[in-house]
Amino acid sequence: MKPALIISAGTCGLARGAEALIKAAKDYQRKRRLHREFEIKITGCHGLCEAEPNILVHFNGKFIFYQKLKPENVKDIIEKTILKGTIIKEFLWFDSETRKRYVDIDEIPFYQKQKRILLGHNVLIEPKYIKDYMKFGGYSAVGKVLKKYRPLDVINIIKKSGLRGRGGAGFPTGKKWELCQKAKSSEKYVVCNADEGDPGAYMDRSLLEGNSHSVIEGIIIGAYAIGAQEGIIYVRNEYPLAIRNLGIALKQAHNKGFLGKNILKSKFNFEITVVRGAGAFVCGEETALLTSIEGRVGRPKPRPPYPTESGLWGKPTNINNVETWANIPQIISKGAEWFSGIGTKRSKGTKIFSLVGKINNTGLVEVPMGITLREIIDEIGGGIPGGKEFKAVQTGGPSGGCIPKSLLDLPIDYESLTKAGSMMGSGGMIVMDEDTCMVDIARYFLDFSLHESCGKCPSCRLGTKQMVEILDRITEGEGKEGDIEFLENIGKNVKLASLCGLGQTAANPVLTTIKYFRDEYLAHIKEKRCPALVCKSLISYVIDSELCGGCTICAKNCPSDAITGEPKGIYTIDQKKCTKCGICFTICPSKFKAVKKVSPPIK
Amino acid sequence: MKRVENVLREHRYQRSHIIQILQDIQVEFNYLPKEALEYVSQRLKIPLSKIYSIATFYAGFSLNPRGKHLCTVCMGTACYVRGAAAILNEFERKLNIKPGATTKEMNYSLETVNCLGCCAIGPIVVYDGKYIGEFKLKDIGRILKGRA
């Protein structure tokens, strides 16, 4: 294979300047007529978001990982690494934990503990070209299924593999297919849930942007097993690049005969269309998603009947999420035993997590089920930046909970996370350090659920509202004795009395933070103090006279003219004028670090 | 209304496509004009109340014209723990509007989004379609002076 510049160009890569790298590479290649010497591949995200914009240089069988590049670096990379084989040290990944630089992508600690069976192809495949996907065995699973297996055989393979839904609840995929297959109807649908609404989770976006063919192939296989003629991919409108790449991929799959009439000369006909969501979190819930496809307001319906009996337009419908579908071709190609060999007794295969928040190596990590939280955070994530103390990790988005330090050795699977009061969810993993206030974060999630509640069930609509009001009071220093118990009481009732997953889990962030961080609630309520120095009403900004260098920057930038003093002298903040915007805190030069936060506030 | 008619034709006048139709109208006009919704209601024979219920239920729709420039602050969890709330506050203060509103002279609209899935580079602000990662409070002034 000839040398290649592989440029990571998912949405976040592009936001960080990948476009300029692509342009620089193309310009240089054209100018020097180097088309024969190397190729440029524009791929989806490589997973280590922290390093973006990054380039992988494929050279002599190695994948050299260059990070945080500027357009002017591209010329150097081509001249030195591609043409001469020299490695440019200063562009290599520097690991903050081991304090070492690494050459090959596989040597980097972030990637070492991972098992990238789904994401691994992102670096090899240019999403625009179906032939790239086919080169690595893509669509051979469809061929295998159509030639060798009856629909029931496929369902049995998936059942045997132990694959469970990656959207959150973890329902066994094979069993769901079987239910839908058995439902009597001449018309059936398969749906791909790509309404990735969990704030802090973006693995589905990455899969769709970087390798949508794997998802499409999974859906085709599922449709064959179930007996569906039509498939729909419901994708968030907030993901424009994913929608674009998906559209290209569908067209290509059609041209190659993997979609349409008589697929691969069999009797199987199948079409896929894309429906864009319009910004409602609740539409990630399956019944709400289906009503949204039908062109209505997305409100959940009571189950049963489950969609497998009566779903889209009242017909049997099988819904799986993006990551679940992407697993299917792999299971068919490599076998159920291979898949069930990965993971724990009840949770098989890998799971992609988006490791974000207060963590050194932010990125998408794909790990075998059963790995511990500690391994993910310390070894893959490289720990907390700035030497800060780890406080909690939040999994499962607004439906999940906060897991404290004492549970870091928890092996990750569906059951253990639920037992800890959280859930797998779609796989967001938000790391929080000592600077995160747990009451504030509970308020944040609840406020999210309040706004996203469709309003159908009073328990959810009113319960979340009541809870947010109480939490508002607590964070504003107006908390009362008994508030905690009241929150717990409402939370339990919202859980019991709501129809869909949103309401049933909305209280989790509050209940888990109360369970594990009761002290912080008490500090807010009794001492009117925010230990993490976050809640605005409970802190004051002050300038430490010992440290102030009199540089005038804070006074010049203060929007409310609350800071006074003489140049080269000592500055002070007028607490009456201060709006606590925090600009002085962020702008004070790091050589002084004179602006401090204190709690309880100065009266 | 010719533009609306074109959108309807593209969707083959299918009522079930109403959400997609509204999205395309919004792309066309930058918001959902009342006249356009009335026109859709008549052409597709969908009650106007139903169209309004959809247009107000989904957060992606705007019933008010947006300003020349659109500032969207991501309020996803990862951005939030990295200080998105302070950024939003500062935008509100500087522009003197709440999220969802537009300044009087129609220059700026301020919006929030639940998550853009670019959590690694948070906090993020999208300014006229351009993603600005690792956004700092002081960047606000820079943006509003037209130096994004």
# chains A, B, ... in the order shown; residues from 1 in each chain; ligands from 1
call {"tool": "residues_around", "arguments": {"residues": "segment 19-27 of chain B", "least_positions_apart": "4", "cutoff": "6 Å", "atoms": "only C-alpha atoms", "output": "list in words"}}
result
Gly295 of chain A; Tyr31 and Leu32 of chain B
call {"tool": "closest_atom_pairs", "arguments": {"of": "chain B", "to": "chain A", "cutoff": "10 Å", "atoms": "only C-alpha atoms", "output": "Markdown table"}}
result
| residue | atom | partner | partner_atom | distance |
| --- | --- | --- | --- | --- |
| B:Gln14 | CA | A:Gly295 | CA | 9.7 |
| B:Arg15 | CA | A:Gly295 | CA | 7.2 |
| B:Ser16 | CA | A:Gly295 | CA | 4.5 |
| B:His17 | CA | A:Gly295 | CA | 5.8 |
| B:Ile18 | CA | A:Gly295 | CA | 5.5 |
| B:Ile19 | CA | A:Gly295 | CA | 5.7 |
| B:Gln20 | CA | A:Arg276 | CA | 6.8 |
| B:Ile21 | CA | A:Gly295 | CA | 9.8 |
| B:Leu22 | CA | A:Ala278 | CA | 9.4 |
| B:Gln23 | CA | A:Ala278 | CA | 7.6 |
| B:Lys50 | CA | A:Arg296 | CA | 8.4 |
| B:Ile51 | CA | A:Arg296 | CA | 9.0 |
| B:Ser53 | CA | A:Val297 | CA | 7.1 |
| B:Ile54 | CA | A:Val297 | CA | 5.4 |
| B:Ala55 | CA | A:Val297 | CA | 8.9 |
| B:Thr56 | CA | A:Val297 | CA | 9.4 |
| B:Phe57 | CA | A:Val297 | CA | 6.6 |
| B:Tyr58 | CA | A:Ala280 | CA | 5.4 |
| B:Ala59 | CA | A:Gly279 | CA | 4.9 |
| B:Gly60 | CA | A:Gly279 | CA | 4.9 |
| B:Phe61 | CA | A:Ala278 | CA | 7.3 |
| B:Cys74 | CA | A:Pro199 | CA | 9.6 |
| B:Met75 | CA | A:Pro199 | CA | 8.1 |
| B:Gly76 | CA | A:Pro199 | CA | 4.6 |
| B:Thr77 | CA | A:Gly200 | CA | 5.5 |
| B:Ala78 | CA | A:Gly357 | CA | 4.9 |
| B:Cys79 | CA | A:Gly357 | CA | 7.6 |
| B:Tyr80 | CA | A:Tyr444 | CA | 8.4 |
| B:Val81 | CA | A:Gly357 | CA | 6.5 |
| B:Arg82 | CA | A:Gly357 | CA | 7.0 |
| B:Gly83 | CA | A:Val534 | CA | 9.7 |
| B:Ala85 | CA | A:Tyr444 | CA | 9.9 |
| B:Ala86 | CA | A:Cys581 | CA | 6.7 |
| B:Ile87 | CA | A:Cys581 | CA | 8.9 |
| B:Asn89 | CA | A:Cys581 | CA | 7.7 |
| B:Glu90 | CA | A:Cys581 | CA | 7.1 |
| B:Arg93 | CA | A:Pro559 | CA | 9.5 |
| B:Lys94 | CA | A:Pro559 | CA | 9.2 |
| B:Val113 | CA | A:Gly279 | CA | 8.7 |
| B:Asn114 | CA | A:Pro199 | CA | 6.1 |
| B:Cys115 | CA | A:Pro199 | CA | 4.9 |
| B:Leu116 | CA | A:Glu238 | CA | 6.5 |
| B:Gly117 | CA | A:Tyr202 | CA | 4.7 |
| B:Cys118 | CA | A:Cys12 | CA | 5.2 |
| B:Cys119 | CA | A:Gly200 | CA | 6.0 |
| B:Ala120 | CA | A:Thr362 | CA | 5.4 |
| B:Ile121 | CA | A:Cys12 | CA | 7.2 |
| B:Gly122 | CA | A:Gly357 | CA | 8.4 |
| B:Pro123 | CA | A:Gly357 | CA | 9.9 |
| B:Ile124 | CA | A:Ala15 | CA | 9.6 |
| B:Val126 | CA | A:Ala15 | CA | 9.7 |
| B:Lys130 | CA | A:Ala15 | CA | 7.5 |
| B:Tyr131 | CA | A:Ala15 | CA | 5.2 |
| B:Ile132 | CA | A:Ala15 | CA | 6.5 |
| B:Gly133 | CA | A:Ala15 | CA | 6.8 |
| B:Glu134 | CA | A:Arg16 | CA | 9.5 |
| B:Lys136 | CA | A:Thr586 | CA | 8.7 |
| B:Leu137 | CA | A:Ile583 | CA | 6.8 |
| B:Lys138 | CA | A:Ile583 | CA | 7.7 |
call {"tool": "select_by_dssp", "arguments": {"residues": "segment 31-122 of chain B", "states": "strand (DSSP E)", "output": "list in words"}}
result
His69, Leu70, Cys71, Thr72, Val73, Cys74, Tyr108, Ser109, Leu110, Glu111, Thr112 and Val113 of chain B
call {"tool": "residues_around", "arguments": {"residues": "Pro71 of chain A", "least_positions_apart": "3", "cutoff": "8 Å", "atoms": "only C-alpha atoms", "output": "JSON, numbers by chain"}}
result
{"A": [20, 21, 24, 74]}
call {"tool": "write_last_selection", "arguments": {"atoms": "C-alpha atoms", "output": "tab-separated table (two decimals), in the first residue's frame"}}
result
chain	number	residue	atom	x	y	z
A	20	ALA	CA	-7.22	23.79	6.59
A	21	LEU	CA	-5.02	20.68	6.90
A	24	ALA	CA	-2.77	22.37	2.71
A	74	VAL	CA	1.56	19.54	6.63
call {"tool": "residues_around", "arguments": {"residues": "Ile7 of chain A", "least_positions_apart": "6", "cutoff": "9 Å", "atoms": "only C-alpha atoms", "output": "PyMOL selection string"}}
result
chain A and resi 13+18+21-22+40-46+53-57+123
call {"tool": "closest_residue", "arguments": {"among": "A:Cys535, A:Ala497, A:Ile371, A:Val365", "to": "Lys348 of chain A", "atoms": "only C-alpha atoms"}}
result
A:Ile371
call {"tool": "closest_residue", "arguments": {"among": "A:Thr572, A:Thr324, A:Gln229, A:Asn60", "to": "Ile158 of chain A", "atoms": "only C-alpha atoms"}}
result
A:Thr324
call {"tool": "residues_around", "arguments": {"residues": "segment 462-469 of chain A", "least_positions_apart": "2", "cutoff": "8 Å", "atoms": "only C-alpha atoms", "output": "JSON, numbers by chain"}}
result
{"A": [443, 446, 447, 449, 450, 458, 459, 460, 471, 472, 473, 487, 490, 491, 494, 506, 507]}
call {"tool": "select_by_dssp", "arguments": {"residues": "segment 388-457 of chain A", "states": "helix (DSSP H, G or I)", "output": "list in words"}}
result
Gly397, Pro398, Ser399, Lys405, Ser406, Leu407, Tyr414, Glu415, Ser416, Leu417, Thr418, Lys419, Met438, Val439, Asp440, Ile441, Ala442, Arg443, Tyr444, Phe445, Leu446, Asp447, Phe448, Ser449, Leu450, His451 and Glu452 of chain A
call {"tool": "decode", "arguments": {"residues": "segment 14-123 of chain B", "atoms": "C-alpha atoms", "output": "short mmCIF file (atom, residue, chain, number, x, y, z; two decimals), in the first residue's frame"}}
result
data_model
loop_
_atom_site.label_atom_id
_atom_site.label_comp_id
_atom_site.auth_asym_id
_atom_site.auth_seq_id
_atom_site.Cartn_x
_atom_site.Cartn_y
_atom_site.Cartn_z
CA GLN B 14 -47.24 14.02 1.74
CA ARG B 15 -48.81 14.94 5.04
CA SER B 16 -46.60 12.56 6.98
CA HIS B 17 -43.62 14.62 5.86
CA ILE B 18 -44.88 17.67 7.74
CA ILE B 19 -41.88 17.83 10.09
CA GLN B 20 -39.44 17.60 7.20
CA ILE B 21 -41.47 20.17 5.28
CA LEU B 22 -41.30 22.62 8.17
CA GLN B 23 -37.55 22.02 8.41
CA ASP B 24 -37.08 22.83 4.76
CA ILE B 25 -39.25 25.94 5.05
CA GLN B 26 -37.11 27.04 7.94
CA VAL B 27 -33.96 26.55 5.87
CA GLU B 28 -35.58 28.70 3.19
CA PHE B 29 -36.73 31.58 5.44
CA ASN B 30 -34.50 31.17 8.51
CA TYR B 31 -37.69 30.81 10.59
CA LEU B 32 -41.29 29.69 10.14
CA PRO B 33 -43.31 32.65 8.83
CA LYS B 34 -46.96 32.64 9.78
CA GLU B 35 -48.08 33.00 6.17
CA ALA B 36 -46.05 29.96 5.17
CA LEU B 37 -47.68 27.85 7.88
CA GLU B 38 -51.14 29.00 6.81
CA TYR B 39 -50.31 28.13 3.24
CA VAL B 40 -49.09 24.65 4.21
CA SER B 41 -52.22 24.16 6.28
CA GLN B 42 -54.46 24.93 3.29
CA ARG B 43 -52.48 22.98 0.72
CA LEU B 44 -52.07 19.82 2.79
CA LYS B 45 -55.43 20.14 4.57
CA ILE B 46 -53.82 19.90 7.98
CA PRO B 47 -55.44 22.06 10.69
CA LEU B 48 -53.29 25.10 11.49
CA SER B 49 -53.51 24.19 15.18
CA LYS B 50 -51.81 20.89 14.46
CA ILE B 51 -49.03 22.57 12.54
CA TYR B 52 -48.52 24.99 15.40
CA SER B 53 -48.44 22.18 17.91
CA ILE B 54 -45.61 20.58 15.94
CA ALA B 55 -43.79 23.86 15.39
CA THR B 56 -43.85 24.65 19.10
CA PHE B 57 -43.14 21.13 20.37
CA TYR B 58 -39.84 20.64 18.56
CA ALA B 59 -37.02 22.84 19.77
CA GLY B 60 -35.51 23.07 16.30
CA PHE B 61 -38.22 25.40 15.03
CA SER B 62 -38.36 29.15 15.43
CA LEU B 63 -41.59 31.10 14.96
CA ASN B 64 -39.81 34.43 15.14
CA PRO B 65 -37.47 35.84 12.55
CA ARG B 66 -33.86 35.42 13.53
CA GLY B 67 -31.27 38.15 13.46
CA LYS B 68 -28.48 38.63 10.96
CA HIS B 69 -26.14 36.61 13.15
CA LEU B 70 -26.97 33.51 15.13
CA CYS B 71 -25.07 32.64 18.32
CA THR B 72 -25.81 29.17 19.60
CA VAL B 73 -24.38 28.18 22.96
CA CYS B 74 -24.07 24.45 23.53
CA MET B 75 -25.47 23.50 26.92
CA GLY B 76 -24.55 19.82 26.74
CA THR B 77 -23.22 18.28 29.94
CA ALA B 78 -19.58 18.34 28.92
CA CYS B 79 -19.81 21.98 27.94
CA TYR B 80 -21.76 22.73 31.10
CA VAL B 81 -19.12 21.33 33.45
CA ARG B 82 -16.58 23.38 31.54
CA GLY B 83 -18.40 26.64 32.11
CA ALA B 84 -21.09 26.99 29.42
CA ALA B 85 -23.52 28.58 31.89
CA ALA B 86 -21.20 31.53 32.51
CA ILE B 87 -20.80 31.98 28.76
CA LEU B 88 -24.55 32.00 28.22
CA ASN B 89 -24.99 34.50 31.08
CA GLU B 90 -22.45 36.79 29.55
CA PHE B 91 -24.09 36.59 26.11
CA GLU B 92 -27.44 37.39 27.73
CA ARG B 93 -25.94 40.36 29.53
CA LYS B 94 -24.04 41.73 26.54
CA LEU B 95 -26.91 41.35 24.08
CA ASN B 96 -29.55 42.09 26.69
CA ILE B 97 -31.75 39.23 25.48
CA LYS B 98 -32.72 35.80 26.73
CA PRO B 99 -32.03 32.61 24.76
CA GLY B 100 -34.55 32.25 21.95
CA ALA B 101 -34.76 36.00 21.42
CA THR B 102 -33.34 38.43 18.90
CA THR B 103 -31.90 41.87 19.56
CA LYS B 104 -34.13 44.81 18.68
CA GLU B 105 -32.13 45.96 15.70
CA MET B 106 -32.30 42.34 14.39
CA ASN B 107 -28.55 41.90 14.48
CA TYR B 108 -28.14 38.93 16.81
CA SER B 109 -30.19 35.95 17.86
CA LEU B 110 -29.19 33.94 20.89
CA GLU B 111 -30.03 30.26 21.13
CA THR B 112 -29.01 27.24 23.11
CA VAL B 113 -28.66 23.65 21.97
CA ASN B 114 -28.66 20.55 24.15
CA CYS B 115 -25.59 18.93 22.68
CA LEU B 116 -23.68 19.13 19.44
CA GLY B 117 -21.69 16.00 20.13
CA CYS B 118 -18.37 17.84 20.07
CA CYS B 119 -17.90 17.42 23.77
CA ALA B 120 -14.15 17.12 23.54
CA ILE B 121 -13.68 20.71 22.55
CA GLY B 122 -16.27 22.23 24.84
CA PRO B 123 -17.45 24.72 25.74
#
